[in-house]
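Chemist: As input, take upload.csv (CSV, C-alpha atoms):
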chain,number,residue,atom,x,y,z
A,1,MET,CA,-67.2,-23.4,-75.3
A,2,HIS,CA,-70.8,-22.3,-75.6
A,3,GLN,CA,-71.0,-18.6,-74.8
A,4,GLY,CA,-74.9,-18.3,-74.6
A,5,ASN,CA,-76.6,-16.4,-71.8
A,6,HIS,CA,-77.4,-18.9,-69.1
A,7,ARG,CA,-79.7,-16.3,-67.4
A,8,ASP,CA,-82.3,-16.4,-70.2
A,9,HIS,CA,-83.6,-19.8,-69.3
A,10,ALA,CA,-86.8,-20.5,-67.4
A,11,GLY,CA,-86.0,-20.7,-63.7
A,12,ALA,CA,-82.4,-19.4,-64.1
A,13,GLN,CA,-82.9,-16.0,-62.4
A,14,LYS,CA,-84.2,-17.7,-59.2
A,15,LEU,CA,-81.3,-20.1,-59.2
A,16,PHE,CA,-78.8,-17.2,-59.6
A,17,ASP,CA,-80.6,-15.2,-56.9
A,18,LEU,CA,-80.4,-18.1,-54.5
A,19,ILE,CA,-76.6,-18.5,-54.9
A,20,LYS,CA,-75.6,-14.8,-55.1
A,21,ASP,CA,-75.1,-14.5,-51.3
A,22,ILE,CA,-73.6,-17.9,-50.7
A,23,LYS,CA,-69.9,-17.3,-50.7
A,24,VAL,CA,-68.5,-20.9,-50.6
A,25,ALA,CA,-69.4,-23.6,-53.2
A,26,MET,CA,-68.2,-27.2,-53.0
A,27,MET,CA,-66.6,-27.9,-56.4
A,28,THR,CA,-66.5,-31.5,-57.5
A,29,THR,CA,-64.1,-32.7,-60.2
A,30,ALA,CA,-63.0,-36.2,-61.4
A,31,ASP,CA,-59.4,-37.4,-61.2
A,32,PRO,CA,-57.9,-39.5,-64.1
A,33,ASP,CA,-59.2,-42.7,-62.5
A,34,GLY,CA,-62.7,-41.3,-62.3
A,35,LYS,CA,-62.7,-40.8,-58.6
A,36,LEU,CA,-64.7,-37.7,-57.5
A,37,TYR,CA,-63.2,-35.0,-55.3
A,38,SER,CA,-64.9,-32.0,-53.7
A,39,ARG,CA,-63.3,-29.0,-52.2
A,40,PRO,CA,-64.6,-25.6,-50.9
A,41,MET,CA,-64.1,-22.7,-53.3
A,42,TRP,CA,-64.7,-19.0,-52.6
A,43,SER,CA,-67.4,-18.0,-55.1
A,44,GLN,CA,-67.3,-14.8,-57.1
A,45,ASP,CA,-70.6,-13.4,-58.3
A,46,ALA,CA,-72.0,-14.9,-61.5
A,47,ASP,CA,-71.2,-12.6,-64.5
A,48,GLU,CA,-73.7,-11.0,-66.8
A,49,VAL,CA,-74.2,-14.2,-68.8
A,50,GLY,CA,-74.4,-16.5,-65.8
A,51,ASP,CA,-70.9,-17.9,-65.9
A,52,LEU,CA,-69.5,-18.7,-62.4
A,53,TRP,CA,-65.9,-17.7,-61.5
A,54,PHE,CA,-63.4,-19.0,-58.9
A,55,PHE,CA,-59.8,-18.0,-58.2
A,56,THR,CA,-57.3,-20.9,-58.1
A,57,LYS,CA,-53.7,-21.7,-58.3
A,58,LEU,CA,-52.7,-22.5,-61.9
A,59,HIS,CA,-50.8,-25.6,-60.9
A,60,SER,CA,-53.1,-27.6,-58.6
A,61,PRO,CA,-54.8,-31.0,-58.6
A,62,LYS,CA,-58.2,-29.4,-59.6
A,63,THR,CA,-56.8,-27.6,-62.6
A,64,ALA,CA,-55.1,-30.8,-63.8
A,65,GLU,CA,-58.4,-32.6,-63.3
A,66,ILE,CA,-60.3,-29.9,-65.2
A,67,SER,CA,-57.8,-30.1,-68.1
A,68,LYS,CA,-58.5,-33.8,-68.5
A,69,ASP,CA,-62.3,-33.8,-67.8
A,70,ASN,CA,-63.9,-30.4,-67.7
A,71,GLN,CA,-67.3,-31.6,-66.3
A,72,VAL,CA,-67.7,-30.1,-62.8
A,73,ASN,CA,-70.5,-29.9,-60.2
A,74,LEU,CA,-70.9,-27.0,-57.8
A,75,ALA,CA,-73.0,-27.4,-54.6
A,76,TYR,CA,-74.2,-24.4,-52.7
A,77,SER,CA,-75.7,-24.6,-49.2
A,78,ASP,CA,-77.1,-22.1,-46.8
A,79,PRO,CA,-78.7,-24.1,-43.9
A,80,LYS,CA,-79.8,-20.8,-42.2
A,81,THR,CA,-82.2,-20.1,-45.0
A,82,GLN,CA,-82.7,-23.8,-46.1
A,83,THR,CA,-81.4,-22.9,-49.5
A,84,TYR,CA,-79.6,-25.6,-51.5
A,85,VAL,CA,-78.4,-25.4,-55.1
A,86,SER,CA,-76.5,-27.8,-57.4
A,87,VAL,CA,-75.0,-26.6,-60.7
A,88,ALA,CA,-73.4,-28.9,-63.3
A,89,GLY,CA,-71.4,-27.5,-66.1
A,90,LYS,CA,-68.1,-27.3,-68.1
A,91,ALA,CA,-65.1,-25.6,-66.6
A,92,GLU,CA,-62.1,-23.9,-68.2
A,93,ILE,CA,-58.9,-22.5,-66.8
A,94,VAL,CA,-58.5,-18.7,-67.5
A,95,THR,CA,-55.1,-17.0,-67.3
A,96,ASP,CA,-56.0,-13.7,-69.0
A,97,GLN,CA,-54.4,-11.0,-66.8
A,98,ALA,CA,-57.1,-8.4,-67.7
A,99,ILE,CA,-59.8,-10.7,-66.4
A,100,ILE,CA,-57.8,-11.6,-63.3
A,101,ASP,CA,-57.3,-7.8,-62.7
A,102,ASP,CA,-61.1,-7.2,-63.2
A,103,LYS,CA,-62.2,-9.9,-60.8
A,104,TRP,CA,-59.5,-9.4,-58.1
A,105,ASN,CA,-60.1,-8.0,-54.7
A,106,GLU,CA,-57.7,-7.6,-51.9
A,107,SER,CA,-59.3,-10.2,-49.6
A,108,LEU,CA,-57.9,-12.8,-52.0
A,109,LYS,CA,-54.4,-12.1,-50.6
A,110,THR,CA,-55.3,-14.6,-47.9
A,111,TRP,CA,-54.9,-17.3,-50.5
A,112,PHE,CA,-52.5,-15.5,-52.9
A,113,PRO,CA,-50.1,-13.5,-50.7
A,114,ASN,CA,-48.1,-12.4,-53.8
A,115,GLY,CA,-51.1,-10.6,-55.2
A,116,LYS,CA,-52.8,-10.7,-58.6
A,117,ASP,CA,-49.6,-10.5,-60.6
A,118,ASP,CA,-48.4,-13.9,-59.2
A,119,PRO,CA,-48.0,-16.2,-62.3
A,120,GLU,CA,-49.8,-18.9,-60.2
A,121,VAL,CA,-53.0,-16.9,-60.0
A,122,ALA,CA,-55.7,-18.2,-62.4
A,123,LEU,CA,-59.4,-18.4,-62.7
A,124,ILE,CA,-61.8,-21.2,-63.2
A,125,ARG,CA,-64.8,-20.2,-65.3
A,126,VAL,CA,-67.8,-22.6,-65.1
A,127,HIS,CA,-70.3,-22.5,-67.9
A,128,PRO,CA,-73.5,-23.8,-66.2
A,129,GLU,CA,-75.5,-26.5,-68.2
A,130,LYS,CA,-78.0,-27.7,-65.6
A,131,GLY,CA,-79.0,-26.6,-62.1
A,132,GLU,CA,-81.4,-27.7,-59.4
A,133,TYR,CA,-82.5,-25.9,-56.3
A,134,TRP,CA,-84.3,-26.7,-53.1
A,135,ASP,CA,-85.8,-23.6,-51.5
A,136,SER,CA,-87.7,-23.6,-48.2
A,137,PRO,CA,-89.2,-20.3,-47.2
A,138,ASN,CA,-88.5,-19.1,-43.6
A,139,ALA,CA,-86.6,-22.1,-42.3
A,140,THR,CA,-87.5,-21.6,-38.6
A,141,MET,CA,-91.2,-21.3,-39.2
A,142,LEU,CA,-91.1,-24.1,-41.8
A,143,HIS,CA,-89.4,-26.4,-39.3
A,144,LEU,CA,-91.9,-25.6,-36.6
A,145,TYR,CA,-94.8,-25.9,-39.0
A,146,GLY,CA,-93.3,-29.1,-40.5
A,147,TYR,CA,-93.0,-30.7,-37.1
A,148,VAL,CA,-96.6,-30.0,-36.1
A,149,LYS,CA,-97.9,-31.0,-39.6
A,150,ALA,CA,-96.0,-34.3,-39.5
A,151,ALA,CA,-97.1,-35.0,-36.0
A,152,VAL,CA,-100.8,-34.3,-36.8
A,153,THR,CA,-101.2,-35.5,-40.4
A,154,GLY,CA,-98.1,-37.7,-41.0
A,155,GLU,CA,-97.2,-35.5,-44.0
A,156,SER,CA,-94.0,-33.4,-44.4
A,157,PRO,CA,-94.1,-29.8,-45.6
A,158,LYS,CA,-93.4,-29.0,-49.2
A,159,THR,CA,-90.1,-27.5,-50.3
A,160,GLU,CA,-89.9,-25.7,-53.7
A,161,THR,CA,-87.7,-27.8,-56.0
A,162,ALA,CA,-86.9,-27.1,-59.6
A,163,LYS,CA,-84.6,-28.4,-62.3
A,164,VAL,CA,-83.2,-25.7,-64.6
A,165,ASP,CA,-81.7,-26.3,-68.1
A,166,LEU,CA,-79.0,-23.6,-68.5
A,167,ARG,CA,-77.8,-24.6,-72.0
Have the structure of the file written as structure tokens, please.
Modeler:
Amino acid sequence: MHQGNHRDHAGAQKLFDLIKDIKVAMMTTADPDGKLYSRPMWSQDADEVGDLWFFTKLHSPKTAEISKDNQVNLAYSDPKTQTYVSVAGKAEIVTDQAIIDDKWNESLKTWFPNGKDDPEVALIRVHPEKGEYWDSPNATMLHLYGYVKAAVTGESPKTETAKVDLR
């Protein structure tokens, strides 16, 4: 897989800044019949090159789906700040114990009670290829301003939207 630095592209730093505090992403994969499935995944911080990491059970429907079709989509949402991000990329299953040890934290025992040495513990690394974000500054004020503006002028307020090529 491509190992370039996803953070070097125009708009990438803003995209990574927007998702760094959002702890749950909805990961979408395709089953062998092409049906799409989404599930919440606890998000680790992006690494130094911008790859996104998620702990998973080695033998699960999502790992089987990724093994057959490694295209995934990640959707991040923070309604409190009106921040929404979508990231599309290629996923791979990582079982390297040194990487698992490095990324492990004790709160993961909620999902993996046998700890990081459990042979079922694995990681999903997502290499981002494209991203898009919708960012509205100060959600409460924007909503109030938007309501007044829409009522007076018939126009809605502007949200910053950008597509980011991460390849």
Chemist: Show me the residues around (-65.9, -28.4, -68.5) - criterion: an atom at most 9 Å away, only C-alpha atoms counted - as a VMD selection string.
Modeler: chain A and resid 1 66 to 67 69 to 72 89 to 92 125 to 127
Chemist: Can you spit out the residues from that selection as a PDB file, in the coordinates of the input, using C-alpha atoms?
Modeler:
ATOM      1  CA  MET A   1     -67.200 -23.400 -75.300  1.00  0.00           C
ATOM      2  CA  ILE A  66     -60.300 -29.900 -65.200  1.00  0.00           C
ATOM      3  CA  SER A  67     -57.800 -30.100 -68.100  1.00  0.00           C
ATOM      4  CA  ASP A  69     -62.300 -33.800 -67.800  1.00  0.00           C
ATOM      5  CA  ASN A  70     -63.900 -30.400 -67.700  1.00  0.00           C
ATOM      6  CA  GLN A  71     -67.300 -31.600 -66.300  1.00  0.00           C
ATOM      7  CA  VAL A  72     -67.700 -30.100 -62.800  1.00  0.00           C
ATOM      8  CA  GLY A  89     -71.400 -27.500 -66.100  1.00  0.00           C
ATOM      9  CA  LYS A  90     -68.100 -27.300 -68.100  1.00  0.00           C
ATOM     10  CA  ALA A  91     -65.100 -25.600 -66.600  1.00  0.00           C
ATOM     11  CA  GLU A  92     -62.100 -23.900 -68.200  1.00  0.00           C
ATOM     12  CA  ARG A 125     -64.800 -20.200 -65.300  1.00  0.00           C
ATOM     13  CA  VAL A 126     -67.800 -22.600 -65.100  1.00  0.00           C
ATOM     14  CA  HIS A 127     -70.300 -22.500 -67.900  1.00  0.00           C
TER      15      HIS A 127
END
Chemist: Ranking A:Phe55, A:Asp17, A:Lys62, A:Ala12 by minimum distance to Ala30 of chain A and counting only C-alpha atoms, which one comes first?
Modeler: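 Using only C-alpha atoms, Ala30 of chain A sits closest to A:Lys62.
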Chemist: Set the distance at 10 Å and use all atoms listed in the file: which residues neighbour Asp45 of chain A once local chain neighbours fewer than 2 positions away are removed? I'd like the list as a PDB file with C-alpha atoms, keeping the file's coordinate frame.
Modeler:
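Once everything was written out, this is result_37.pdb:
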ATOM      1  CA  PHE A  16     -78.800 -17.200 -59.600  1.00  0.00           C
ATOM      2  CA  ILE A  19     -76.600 -18.500 -54.900  1.00  0.00           C
ATOM      3  CA  LYS A  20     -75.600 -14.800 -55.100  1.00  0.00           C
ATOM      4  CA  ASP A  21     -75.100 -14.500 -51.300  1.00  0.00           C
ATOM      5  CA  ILE A  22     -73.600 -17.900 -50.700  1.00  0.00           C
ATOM      6  CA  LYS A  23     -69.900 -17.300 -50.700  1.00  0.00           C
ATOM      7  CA  TRP A  42     -64.700 -19.000 -52.600  1.00  0.00           C
ATOM      8  CA  SER A  43     -67.400 -18.000 -55.100  1.00  0.00           C
ATOM      9  CA  ASP A  47     -71.200 -12.600 -64.500  1.00  0.00           C
ATOM     10  CA  GLU A  48     -73.700 -11.000 -66.800  1.00  0.00           C
ATOM     11  CA  GLY A  50     -74.400 -16.500 -65.800  1.00  0.00           C
ATOM     12  CA  ASP A  51     -70.900 -17.900 -65.900  1.00  0.00           C
ATOM     13  CA  LEU A  52     -69.500 -18.700 -62.400  1.00  0.00           C
ATOM     14  CA  TRP A  53     -65.900 -17.700 -61.500  1.00  0.00           C
ATOM     15  CA  PHE A  54     -63.400 -19.000 -58.900  1.00  0.00           C
ATOM     16  CA  LYS A 103     -62.200  -9.900 -60.800  1.00  0.00           C
TER      17      LYS A 103
END
Chemist: Return the single residue from A:Gln13, A:Thr56, A:Thr63, A:Gln82 that is closest to Asp31 of chain A, with distances computed using all atoms listed in the file.
Modeler: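 Selected residue with least distance to Asp31 of chain A: A:Thr63.
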Chemist: Hey, which of A:Ala75, A:Val94, A:Ala122, A:Val49 ends up closest to Trp134 of chain A? Count all atoms listed in the file.
Modeler: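 Residue with the minimum atom-to-atom distance to Trp134 of chain A: A:Ala75.
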Chemist: For atom CA of Ser38 of chain A and atom CA of Ser86 of chain A, determine how far apart the two atoms are, in Å to one decimal place.
Modeler: 12.9 Å
Chemist: Hey, what's within 6 Å of Val87 of chain A if we count only C-alpha atoms and toss same-chain stuff fewer than 3 positions away? As an MDAnalysis selection string, please?
Modeler: chainID A and resid 73:74 130:131
Chemist: Grab the atom CA of Gln44 of chain A to atom CA of Trp111 of chain A distance for me, in Å with one decimal place.
Modeler: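 Distance between the two atoms: 14.3 Å.
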Chemist: One decimal, Å: what's the distance from atom CA of His59 of chain A over to atom CA of Phe112 of chain A, could you say?
Modeler: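 Atom CA of Phe112 of chain A lies at a distance of 13.0 Å from atom CA of His59 of chain A.
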Chemist: Of the candidates A:Leu108, A:Glu65, A:Pro119, A:Tyr133, which one gets nearest to Leu18 of chain A if we count all atoms listed in the file?
Modeler: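 Among A:Leu108, A:Glu65, A:Pro119, A:Tyr133, it is A:Tyr133 that comes nearest to Leu18 of chain A.
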Chemist: Hey, which of A:Glu120, A:Val85, A:Asp33, A:Ile93 ends up closest to Lys14 of chain A? Count all atoms listed in the file.
Modeler: A:Val85
Chemist: Output segment 59-79 of chain A with N, CA and C atoms present, as a PDB file, keeping the file's coordinate frame.
Modeler:
ATOM      1  N   HIS A  59     -51.296 -24.273 -60.974  1.00  0.00           N
ATOM      2  CA  HIS A  59     -50.800 -25.600 -60.900  1.00  0.00           C
ATOM      3  C   HIS A  59     -51.354 -26.262 -59.590  1.00  0.00           C
ATOM      4  N   SER A  60     -52.468 -26.952 -59.726  1.00  0.00           N
ATOM      5  CA  SER A  60     -53.100 -27.600 -58.600  1.00  0.00           C
ATOM      6  C   SER A  60     -53.817 -28.845 -59.082  1.00  0.00           C
ATOM      7  N   PRO A  61     -54.145 -29.760 -58.188  1.00  0.00           N
ATOM      8  CA  PRO A  61     -54.800 -31.000 -58.600  1.00  0.00           C
ATOM      9  C   PRO A  61     -56.149 -30.665 -59.380  1.00  0.00           C
ATOM     10  N   LYS A  62     -56.899 -29.670 -58.915  1.00  0.00           N
ATOM     11  CA  LYS A  62     -58.200 -29.400 -59.600  1.00  0.00           C
ATOM     12  C   LYS A  62     -58.004 -28.872 -60.981  1.00  0.00           C
ATOM     13  N   THR A  63     -56.963 -28.051 -61.234  1.00  0.00           N
ATOM     14  CA  THR A  63     -56.800 -27.600 -62.600  1.00  0.00           C
ATOM     15  C   THR A  63     -56.310 -28.693 -63.520  1.00  0.00           C
ATOM     16  N   ALA A  64     -55.511 -29.609 -62.990  1.00  0.00           N
ATOM     17  CA  ALA A  64     -55.100 -30.800 -63.800  1.00  0.00           C
ATOM     18  C   ALA A  64     -56.315 -31.642 -64.102  1.00  0.00           C
ATOM     19  N   GLU A  65     -57.202 -31.814 -63.122  1.00  0.00           N
ATOM     20  CA  GLU A  65     -58.400 -32.600 -63.300  1.00  0.00           C
ATOM     21  C   GLU A  65     -59.323 -31.964 -64.365  1.00  0.00           C
ATOM     22  N   ILE A  66     -59.477 -30.642 -64.286  1.00  0.00           N
ATOM     23  CA  ILE A  66     -60.300 -29.900 -65.200  1.00  0.00           C
ATOM     24  C   ILE A  66     -59.736 -29.998 -66.645  1.00  0.00           C
ATOM     25  N   SER A  67     -58.415 -29.978 -66.752  1.00  0.00           N
ATOM     26  CA  SER A  67     -57.800 -30.100 -68.100  1.00  0.00           C
ATOM     27  C   SER A  67     -58.058 -31.422 -68.730  1.00  0.00           C
ATOM     28  N   LYS A  68     -58.227 -32.466 -67.932  1.00  0.00           N
ATOM     29  CA  LYS A  68     -58.500 -33.800 -68.500  1.00  0.00           C
ATOM     30  C   LYS A  68     -59.993 -34.067 -68.654  1.00  0.00           C
ATOM     31  N   ASP A  69     -60.818 -33.567 -67.723  1.00  0.00           N
ATOM     32  CA  ASP A  69     -62.300 -33.800 -67.800  1.00  0.00           C
ATOM     33  C   ASP A  69     -62.895 -32.487 -67.218  1.00  0.00           C
ATOM     34  N   ASN A  70     -63.473 -31.695 -68.123  1.00  0.00           N
ATOM     35  CA  ASN A  70     -63.900 -30.400 -67.700  1.00  0.00           C
ATOM     36  C   ASN A  70     -65.352 -30.354 -67.128  1.00  0.00           C
ATOM     37  N   GLN A  71     -65.961 -31.522 -66.920  1.00  0.00           N
ATOM     38  CA  GLN A  71     -67.300 -31.600 -66.300  1.00  0.00           C
ATOM     39  C   GLN A  71     -67.089 -31.377 -64.759  1.00  0.00           C
ATOM     40  N   VAL A  72     -67.790 -30.399 -64.207  1.00  0.00           N
ATOM     41  CA  VAL A  72     -67.700 -30.100 -62.800  1.00  0.00           C
ATOM     42  C   VAL A  72     -69.121 -30.009 -62.207  1.00  0.00           C
ATOM     43  N   ASN A  73     -69.205 -30.129 -60.908  1.00  0.00           N
ATOM     44  CA  ASN A  73     -70.500 -29.900 -60.200  1.00  0.00           C
ATOM     45  C   ASN A  73     -70.145 -28.885 -59.067  1.00  0.00           C
ATOM     46  N   LEU A  74     -71.045 -27.955 -58.859  1.00  0.00           N
ATOM     47  CA  LEU A  74     -70.900 -27.000 -57.800  1.00  0.00           C
ATOM     48  C   LEU A  74     -72.135 -27.177 -56.849  1.00  0.00           C
ATOM     49  N   ALA A  75     -71.876 -27.307 -55.557  1.00  0.00           N
ATOM     50  CA  ALA A  75     -73.000 -27.400 -54.600  1.00  0.00           C
ATOM     51  C   ALA A  75     -72.904 -26.242 -53.639  1.00  0.00           C
ATOM     52  N   TYR A  76     -74.021 -25.531 -53.557  1.00  0.00           N
ATOM     53  CA  TYR A  76     -74.200 -24.400 -52.700  1.00  0.00           C
ATOM     54  C   TYR A  76     -75.143 -24.708 -51.581  1.00  0.00           C
ATOM     55  N   SER A  77     -74.844 -24.264 -50.364  1.00  0.00           N
ATOM     56  CA  SER A  77     -75.700 -24.600 -49.200  1.00  0.00           C
ATOM     57  C   SER A  77     -75.744 -23.439 -48.258  1.00  0.00           C
ATOM     58  N   ASP A  78     -76.949 -23.093 -47.827  1.00  0.00           N
ATOM     59  CA  ASP A  78     -77.100 -22.100 -46.800  1.00  0.00           C
ATOM     60  C   ASP A  78     -78.166 -22.678 -45.789  1.00  0.00           C
ATOM     61  N   PRO A  79     -77.715 -23.454 -44.793  1.00  0.00           N
ATOM     62  CA  PRO A  79     -78.700 -24.100 -43.900  1.00  0.00           C
ATOM     63  C   PRO A  79     -79.533 -23.054 -43.111  1.00  0.00           C
TER      64      PRO A  79
END
